[in-house]
Amino acid sequence: MNEIYLVILAFLLSLAIFDLMVGVANDAVNFLGPAVGAKVAKFRTVLIVAAIGILIGASTSSGMMDISRHGILQPSYYTFEEVVCVFLAVSATDIIIMDIFNTLGLPTSTTVSMVFGLFGGSTALAISKLWDGAHTFGQLIHTEKALQVIMAIFLSVAIAFVFGFVVMWIVRTIFTFEYKKHLRYSVALYGGVGLTSIFYFLLVNGLKGSHLLSDLGIEQSFITDNQWKIVGVAFVIFTVLMQILHLFKVNIFRVVVIFGTFALAMAFAGNDLVNFIGVPLAGLESYVSFVNSGASDAGSYYMTVLDGPSQLPGGPTFYLIGAGIVMTIALFTSKKAHKVVETSINLSRQDDSDEVFSSSKLARQTVRGALNATNFVTRIIPTGFKTWVGRRFNTENAEVGQGVAFDLVRASVNLVLAGLLIAVGTTLKLPLSTTYVAFMVAMGSSLADRAWGRESAVYRITGVISVVGGWFITAGAAFLISFLIATLNHIGGIFAMVGVIGIVILVVWNNNRSLKKKKE
């Protein structure tokens with residue numbers, strides 16, 4: 001009867017491949033939106049740059065895999081049969097939620113789906129263990145770590161919005177909307193700071209602790225001991241290089257956007273790859289441990305193997321690079337990705353256009369409150385300062401090309417800042433939502449850029465509320481669905497698990513058929 005677990009494992013690995021493709025379709029907006037919105041290059045060129053970033057980021061993301069292995073549940077208290085119940089529930093929930101949101105063309109969070117799915121499935125099994133009185137909830141679930149991860153995810157919404165607003169306001173004050181007239185002394189420094197920041201967090205901190213360094217024969221202590229020297233040298237090199245390129249009439253903002261697209265795609269793969277393959281790989285490691293142990297009863301073999309370092313056959317790097325290749329193929333072939341990108345760009349574009357969302361009472365009240373607060377602040381600000389700021393933010397002569405949603409200055413801020421915030425989260429091994437960070441940075445920067453006028457503000461705030469509301473729905477739905485599926489798996493055993501596999505296949509097939517009919 002234990003052979004059925006091999007079938008379930010094969011299904012989990014198949015789901016991982018499908019989840020990679022579905023997840024990339026949803027999360028492509030995070031790293032494609034700024035470059036596509038500013039039309040920095042041909043769409044295929046942007047895709048190639050993003051693909052390179054994904055491949056490198058995937059190969060350095062092994063440290064994040066611990067979240068799915070023992071970040072939420074305490075595996076030493078769960079048997080192989082029980083972790084299979086949880087892992088199948090999480091994978092099924094993630095696929096269903098992601099495919100529904102992609103079909104609707106709304107960005108949601110794969111991180112939230114995975115974390116709350118794990119929390120819901122683990123809670124279902126934990127409750128069943130509490131009846132005997134031998135365990136406490138804190139023993140079965142890493143409540144402190146779970147709370148830390150959940151708080152990091154939702155705090156990233158506010159942090160990203162505030163940072164996006166503040167940084168964009170400062171940068172726009174420096175360059176104005178006629179940015180090509182204010183490049184002589186500041187553009188090289190701006191490019192040097194942006195590229196150095198991305199280089200430090202993604203290529204220095206991002207590599208620290210990964211298997212790639214050891215595979216290349218580089219001691220990790222070398223980077224730790226010399227990181228500030230590396231940063232200093234990189235800043236000088238990048239600043240001088242930017243100045244030379246500027247003298248040769250190269251658009252520095254375009255360089256920053258291209259490099260930022262690469263960096264954000266790399267951060268996305270490094271941080272979010274665990275959402276797609278973390279659970280299936282944890283299931284694979286559990287199965288290998290169970291088989292190698294020679295145990296015959298899946299209900300009595302405990303998963304202490306998941307508490308220690310990964311023992312995947314062949315090492316984690318092989319699987320990570322394979323996942324990166326699948327994500328790259330999905331990036332080039334996905335049609336749903338274009339629809340999700342369009343939604344985010346429309347909410348942050350500089351000019352007025354046909355709004356995707358309608359007005360709402362909450363949006364009108366928010367705009368009214370913001371106008372009252374603005375009027376109060378402007379009364380206490382000196383007139384001279386207000387006049388100077390007004391000139392810096394004059395949009396009448398904005399250098400925005402035909403059909404461009406926003407200029408290269410905002411695109412560069414969105415990419416560099418989002419990449420920095422996500423990379424910091426990856427370094428701290430906190431699975432920040434790439435979607436949350438990238439989307440809210442874009443919303444904060446568009447607000448600072450005065451892209452939300454009196455006419456369009458209510459519609460765009462309604463759109464933001466709809467997207468953010470969808471994220472909270474994702475959290476609740478992931479917890480509840482995973483809880484119910486895990487409970488069903490635990491009570492019904494193998495037969496229930498086979499039934500869940502059939503339901504997932506049916507739901508995905510039906511959603512794709514509905515999308516095809518809608519297009520026709």
# chains A, B, ... in the order shown; residues from 1 in each chain; ligands from 1

$ residues_around --residues "Val326 (chain A)" --least-positions-apart "6" --cutoff "12 Å" --atoms "only C-alpha atoms" --output "ChimeraX atom specification"
/A:14,16-24,51,54-55,58,269,273,276-277,319-320,332-334

$ residues_around --residues "Val231 (chain A)" --least-positions-apart "5" --cutoff "9 Å" --atoms "only C-alpha atoms" --output "list in words"
Thr196, Ser197, Phe199, Tyr200, Val204, Asn226 and Val236 of chain A

$ write_last_selection --atoms "all heavy atoms" --output "short mmCIF file (atom, residue, chain, number, x, y, z; two decimals), in the first residue's frame"
data_model
loop_
_atom_site.label_atom_id
_atom_site.label_comp_id
_atom_site.auth_asym_id
_atom_site.auth_seq_id
_atom_site.Cartn_x
_atom_site.Cartn_y
_atom_site.Cartn_z
N THR A 196 25.01 50.00 -7.43
CA THR A 196 25.78 49.46 -6.31
C THR A 196 24.87 48.81 -5.28
O THR A 196 25.19 47.75 -4.72
CB THR A 196 26.61 50.58 -5.63
OG1 THR A 196 27.47 51.17 -6.59
CG2 THR A 196 27.44 50.01 -4.49
N SER A 197 23.72 49.44 -5.02
CA SER A 197 22.78 48.87 -4.07
C SER A 197 22.29 47.51 -4.53
O SER A 197 22.27 46.54 -3.77
CB SER A 197 21.59 49.82 -3.89
OG SER A 197 22.00 51.07 -3.40
N PHE A 199 23.78 45.55 -6.68
CA PHE A 199 24.93 44.64 -6.69
C PHE A 199 25.19 44.08 -5.30
O PHE A 199 25.41 42.88 -5.13
CB PHE A 199 26.16 45.39 -7.20
CG PHE A 199 27.44 44.61 -7.07
CD1 PHE A 199 27.78 43.65 -8.00
CD2 PHE A 199 28.30 44.82 -5.99
CE1 PHE A 199 28.96 42.93 -7.87
CE2 PHE A 199 29.47 44.11 -5.85
CZ PHE A 199 29.81 43.16 -6.80
N TYR A 200 25.14 44.94 -4.29
CA TYR A 200 25.44 44.51 -2.94
C TYR A 200 24.42 43.49 -2.43
O TYR A 200 24.78 42.41 -1.98
CB TYR A 200 25.47 45.72 -2.00
CG TYR A 200 25.58 45.33 -0.54
CD1 TYR A 200 26.76 44.80 -0.03
CD2 TYR A 200 24.50 45.49 0.33
CE1 TYR A 200 26.87 44.44 1.30
CE2 TYR A 200 24.59 45.12 1.66
CZ TYR A 200 25.78 44.60 2.14
OH TYR A 200 25.86 44.24 3.45
N VAL A 204 26.05 40.04 -3.42
CA VAL A 204 26.85 39.81 -2.22
C VAL A 204 26.02 39.08 -1.18
O VAL A 204 26.26 37.91 -0.87
CB VAL A 204 27.40 41.14 -1.65
CG1 VAL A 204 28.21 40.89 -0.40
CG2 VAL A 204 28.27 41.83 -2.69
N ASN A 226 35.02 40.97 3.55
CA ASN A 226 35.42 42.06 2.63
C ASN A 226 34.22 42.76 1.99
O ASN A 226 34.39 43.43 0.97
CB ASN A 226 36.32 41.50 1.52
CG ASN A 226 37.59 40.87 2.05
OD1 ASN A 226 38.55 41.56 2.36
ND2 ASN A 226 37.59 39.55 2.17
N VAL A 236 32.52 53.01 -6.84
CA VAL A 236 33.43 53.82 -7.66
C VAL A 236 33.35 53.38 -9.12
O VAL A 236 33.25 54.21 -10.04
CB VAL A 236 34.87 53.70 -7.13
CG1 VAL A 236 35.85 54.40 -8.08
CG2 VAL A 236 34.98 54.30 -5.74
#

$ closest_residue --among "A:Gly37, A:Gly384, A:Gly57, A:Gly470" --to "Leu408 (chain A)" --atoms "only C-alpha atoms"
A:Gly37

$ closest_residue --among "A:Val166, A:Ile465, A:Ala457, A:Ile72" --to "Ile141 (chain A)" --atoms "only C-alpha atoms"
A:Ile72

$ closest_residue --among "A:Ser466, A:Ser412, A:Thr239, A:Ser446" --to "Leu264 (chain A)" --atoms "only C-alpha atoms"
A:Ser412

$ atom_distance --atom1 "CA of Val291 (chain A)" --atom2 "CA of Glu81 (chain A)"
12.6 Å

$ atom_distance --atom1 "CA of Gly283 (chain A)" --atom2 "CA of Ile505 (chain A)"
19.4 Å

$ residues_around --residues "Thr434 (chain A)" --least-positions-apart "5" --cutoff "12 Å" --atoms "only C-alpha atoms" --output "mmCIF file with N, CA, C and O atoms, in the first residue's frame"
data_model
loop_
_atom_site.group_PDB
_atom_site.id
_atom_site.type_symbol
_atom_site.label_atom_id
_atom_site.label_comp_id
_atom_site.auth_asym_id
_atom_site.auth_seq_id
_atom_site.Cartn_x
_atom_site.Cartn_y
_atom_site.Cartn_z
ATOM 1 N N GLY A 23 2.604 30.369 -11.383
ATOM 2 C CA GLY A 23 3.140 31.416 -10.525
ATOM 3 C C GLY A 23 3.875 32.487 -11.298
ATOM 4 O O GLY A 23 3.756 33.682 -11.007
ATOM 5 N N VAL A 24 4.659 32.093 -12.295
ATOM 6 C CA VAL A 24 5.361 33.070 -13.117
ATOM 7 C C VAL A 24 4.372 33.939 -13.874
ATOM 8 O O VAL A 24 4.565 35.146 -14.023
ATOM 9 N N ASN A 26 1.509 34.892 -12.877
ATOM 10 C CA ASN A 26 0.966 35.872 -11.944
ATOM 11 C C ASN A 26 2.017 36.880 -11.496
ATOM 12 O O ASN A 26 1.728 38.072 -11.379
ATOM 13 N N ASP A 27 3.235 36.430 -11.254
ATOM 14 C CA ASP A 27 4.259 37.284 -10.664
ATOM 15 C C ASP A 27 5.133 37.991 -11.695
ATOM 16 O O ASP A 27 6.004 38.775 -11.317
ATOM 17 N N ALA A 28 4.904 37.727 -12.987
ATOM 18 C CA ALA A 28 5.714 38.390 -14.013
ATOM 19 C C ALA A 28 5.568 39.904 -13.947
ATOM 20 O O ALA A 28 6.500 40.649 -14.275
ATOM 21 N N VAL A 29 4.385 40.385 -13.510
ATOM 22 C CA VAL A 29 4.158 41.823 -13.391
ATOM 23 C C VAL A 29 5.168 42.468 -12.458
ATOM 24 O O VAL A 29 5.514 43.641 -12.617
ATOM 25 N N ASN A 30 5.677 41.725 -11.479
ATOM 26 C CA ASN A 30 6.577 42.302 -10.485
ATOM 27 C C ASN A 30 7.863 42.826 -11.107
ATOM 28 O O ASN A 30 8.374 43.876 -10.712
ATOM 29 N N PHE A 31 8.408 42.094 -12.066
ATOM 30 C CA PHE A 31 9.681 42.532 -12.636
ATOM 31 C C PHE A 31 9.555 43.010 -14.084
ATOM 32 O O PHE A 31 10.482 43.625 -14.598
ATOM 33 N N PRO A 107 -3.352 40.345 -9.879
ATOM 34 C CA PRO A 107 -2.152 39.846 -9.208
ATOM 35 C C PRO A 107 -2.460 39.429 -7.779
ATOM 36 O O PRO A 107 -3.154 40.136 -7.054
ATOM 37 N N THR A 108 -1.986 38.284 -7.383
ATOM 38 C CA THR A 108 -2.101 37.853 -5.994
ATOM 39 C C THR A 108 -0.748 37.351 -5.541
ATOM 40 O O THR A 108 0.236 37.459 -6.282
ATOM 41 N N SER A 109 -0.675 36.818 -4.353
ATOM 42 C CA SER A 109 0.625 36.492 -3.772
ATOM 43 C C SER A 109 0.813 34.987 -3.629
ATOM 44 O O SER A 109 0.072 34.330 -2.900
ATOM 45 N N THR A 110 1.817 34.448 -4.307
ATOM 46 C CA THR A 110 2.164 33.037 -4.135
ATOM 47 C C THR A 110 2.740 32.795 -2.745
ATOM 48 O O THR A 110 2.586 31.706 -2.188
ATOM 49 N N THR A 111 3.415 33.806 -2.183
ATOM 50 C CA THR A 111 3.972 33.662 -0.839
ATOM 51 C C THR A 111 2.867 33.490 0.197
ATOM 52 O O THR A 111 2.927 32.609 1.055
ATOM 53 N N VAL A 112 1.843 34.336 0.115
ATOM 54 C CA VAL A 112 0.724 34.248 1.057
ATOM 55 C C VAL A 112 0.008 32.914 0.904
ATOM 56 O O VAL A 112 -0.358 32.269 1.888
ATOM 57 N N ALA A 152 5.803 39.898 8.600
ATOM 58 C CA ALA A 152 6.711 40.420 7.576
ATOM 59 C C ALA A 152 5.989 40.594 6.249
ATOM 60 O O ALA A 152 6.198 41.584 5.536
ATOM 61 N N ILE A 153 5.106 39.653 5.932
ATOM 62 C CA ILE A 153 4.377 39.727 4.667
ATOM 63 C C ILE A 153 3.470 40.949 4.627
ATOM 64 O O ILE A 153 3.480 41.735 3.676
ATOM 65 N N PHE A 154 2.688 41.140 5.689
ATOM 66 C CA PHE A 154 1.701 42.213 5.659
ATOM 67 C C PHE A 154 2.313 43.582 5.970
ATOM 68 O O PHE A 154 1.832 44.595 5.474
ATOM 69 N N SER A 156 5.106 44.423 4.836
ATOM 70 C CA SER A 156 5.745 44.813 3.586
ATOM 71 C C SER A 156 4.831 45.694 2.736
ATOM 72 O O SER A 156 5.309 46.493 1.932
ATOM 73 N N VAL A 157 3.518 45.570 2.924
ATOM 74 C CA VAL A 157 2.579 46.422 2.182
ATOM 75 C C VAL A 157 2.795 47.883 2.546
ATOM 76 O O VAL A 157 2.985 48.742 1.676
ATOM 77 N N ALA A 160 6.595 49.104 1.790
ATOM 78 C CA ALA A 160 6.853 49.321 0.363
ATOM 79 C C ALA A 160 6.164 50.585 -0.132
ATOM 80 O O ALA A 160 6.737 51.358 -0.916
ATOM 81 N N LEU A 264 15.451 42.537 -10.118
ATOM 82 C CA LEU A 264 14.168 42.199 -9.512
ATOM 83 C C LEU A 264 13.736 40.795 -9.912
ATOM 84 O O LEU A 264 13.145 40.064 -9.110
ATOM 85 N N ALA A 265 14.027 40.397 -11.149
ATOM 86 C CA ALA A 265 13.741 39.018 -11.555
ATOM 87 C C ALA A 265 14.584 38.039 -10.752
ATOM 88 O O ALA A 265 14.104 36.970 -10.339
ATOM 89 N N MET A 266 15.832 38.408 -10.470
ATOM 90 C CA MET A 266 16.700 37.564 -9.662
ATOM 91 C C MET A 266 16.190 37.483 -8.226
ATOM 92 O O MET A 266 16.157 36.401 -7.622
ATOM 93 N N ALA A 267 15.762 38.624 -7.676
ATOM 94 C CA ALA A 267 15.206 38.628 -6.322
ATOM 95 C C ALA A 267 13.919 37.825 -6.258
ATOM 96 O O ALA A 267 13.663 37.107 -5.287
ATOM 97 N N PHE A 268 13.099 37.946 -7.294
ATOM 98 C CA PHE A 268 11.846 37.184 -7.362
ATOM 99 C C PHE A 268 12.125 35.685 -7.314
ATOM 100 O O PHE A 268 11.511 34.941 -6.540
ATOM 101 N N ALA A 269 13.073 35.235 -8.137
ATOM 102 C CA ALA A 269 13.387 33.805 -8.164
ATOM 103 C C ALA A 269 14.005 33.353 -6.839
ATOM 104 O O ALA A 269 13.678 32.279 -6.325
ATOM 105 N N GLY A 270 14.883 34.193 -6.276
ATOM 106 C CA GLY A 270 15.531 33.819 -5.031
ATOM 107 C C GLY A 270 14.575 33.755 -3.861
ATOM 108 O O GLY A 270 14.703 32.914 -2.971
ATOM 109 N N ASN A 271 13.568 34.640 -3.843
ATOM 110 C CA ASN A 271 12.641 34.702 -2.717
ATOM 111 C C ASN A 271 11.411 33.835 -2.926
ATOM 112 O O ASN A 271 10.935 33.186 -1.994
ATOM 113 N N ASP A 272 10.879 33.813 -4.146
ATOM 114 C CA ASP A 272 9.581 33.174 -4.391
ATOM 115 C C ASP A 272 9.667 31.749 -4.917
ATOM 116 O O ASP A 272 8.647 31.081 -5.031
ATOM 117 N N LEU A 273 10.863 31.295 -5.254
ATOM 118 C CA LEU A 273 10.983 29.939 -5.781
ATOM 119 C C LEU A 273 10.496 28.913 -4.764
ATOM 120 O O LEU A 273 9.914 27.880 -5.120
ATOM 121 N N ASN A 275 8.023 29.134 -2.928
ATOM 122 C CA ASN A 275 6.562 29.035 -2.980
ATOM 123 C C ASN A 275 6.110 27.970 -3.968
ATOM 124 O O ASN A 275 5.039 27.383 -3.806
ATOM 125 N N LEU A 415 11.961 49.666 -9.824
ATOM 126 C CA LEU A 415 12.750 48.440 -9.922
ATOM 127 C C LEU A 415 13.836 48.365 -8.855
ATOM 128 O O LEU A 415 13.980 47.353 -8.174
ATOM 129 N N LEU A 417 14.165 50.029 -5.969
ATOM 130 C CA LEU A 417 13.661 49.992 -4.601
ATOM 131 C C LEU A 417 12.999 48.654 -4.282
ATOM 132 O O LEU A 417 13.229 48.069 -3.212
ATOM 133 N N ALA A 418 12.166 48.161 -5.197
ATOM 134 C CA ALA A 418 11.526 46.870 -4.963
ATOM 135 C C ALA A 418 12.563 45.754 -4.859
ATOM 136 O O ALA A 418 12.464 44.874 -3.995
ATOM 137 N N GLY A 419 13.568 45.792 -5.716
ATOM 138 C CA GLY A 419 14.617 44.785 -5.657
ATOM 139 C C GLY A 419 15.368 44.814 -4.339
ATOM 140 O O GLY A 419 15.685 43.772 -3.760
ATOM 141 N N LEU A 420 15.638 46.024 -3.824
ATOM 142 C CA LEU A 420 16.341 46.152 -2.551
ATOM 143 C C LEU A 420 15.515 45.566 -1.404
ATOM 144 O O LEU A 420 16.026 44.799 -0.580
ATOM 145 N N LEU A 421 14.240 45.935 -1.343
ATOM 146 C CA LEU A 421 13.394 45.468 -0.243
ATOM 147 C C LEU A 421 13.236 43.953 -0.264
ATOM 148 O O LEU A 421 13.293 43.285 0.774
ATOM 149 N N ILE A 422 13.055 43.396 -1.441
ATOM 150 C CA ILE A 422 12.879 41.946 -1.553
ATOM 151 C C ILE A 422 14.180 41.225 -1.223
ATOM 152 O O ILE A 422 14.188 40.187 -0.543
ATOM 153 N N ALA A 423 15.304 41.775 -1.686
ATOM 154 C CA ALA A 423 16.593 41.146 -1.407
ATOM 155 C C ALA A 423 16.917 41.167 0.084
ATOM 156 O O ALA A 423 17.494 40.215 0.620
ATOM 157 N N VAL A 424 16.539 42.249 0.775
ATOM 158 C CA VAL A 424 16.745 42.301 2.222
ATOM 159 C C VAL A 424 15.939 41.198 2.901
ATOM 160 O O VAL A 424 16.418 40.509 3.806
ATOM 161 N N GLY A 425 14.686 41.017 2.453
ATOM 162 C CA GLY A 425 13.863 39.950 3.004
ATOM 163 C C GLY A 425 14.471 38.582 2.764
ATOM 164 O O GLY A 425 14.445 37.706 3.639
ATOM 165 N N THR A 426 15.024 38.373 1.582
ATOM 166 C CA THR A 426 15.667 37.097 1.266
ATOM 167 C C THR A 426 16.883 36.866 2.155
ATOM 168 O O THR A 426 17.108 35.759 2.649
ATOM 169 N N PHE A 439 4.137 45.801 -6.200
ATOM 170 C CA PHE A 439 2.901 46.524 -6.489
ATOM 171 C C PHE A 439 2.788 47.778 -5.628
ATOM 172 O O PHE A 439 2.454 48.866 -6.133
ATOM 173 N N MET A 440 3.079 47.668 -4.332
ATOM 174 C CA MET A 440 2.907 48.820 -3.451
ATOM 175 C C MET A 440 3.988 49.869 -3.661
ATOM 176 O O MET A 440 3.732 51.074 -3.492
ATOM 177 N N VAL A 441 5.201 49.475 -4.038
ATOM 178 C CA VAL A 441 6.216 50.459 -4.429
ATOM 179 C C VAL A 441 5.724 51.251 -5.636
ATOM 180 O O VAL A 441 5.853 52.485 -5.694
#
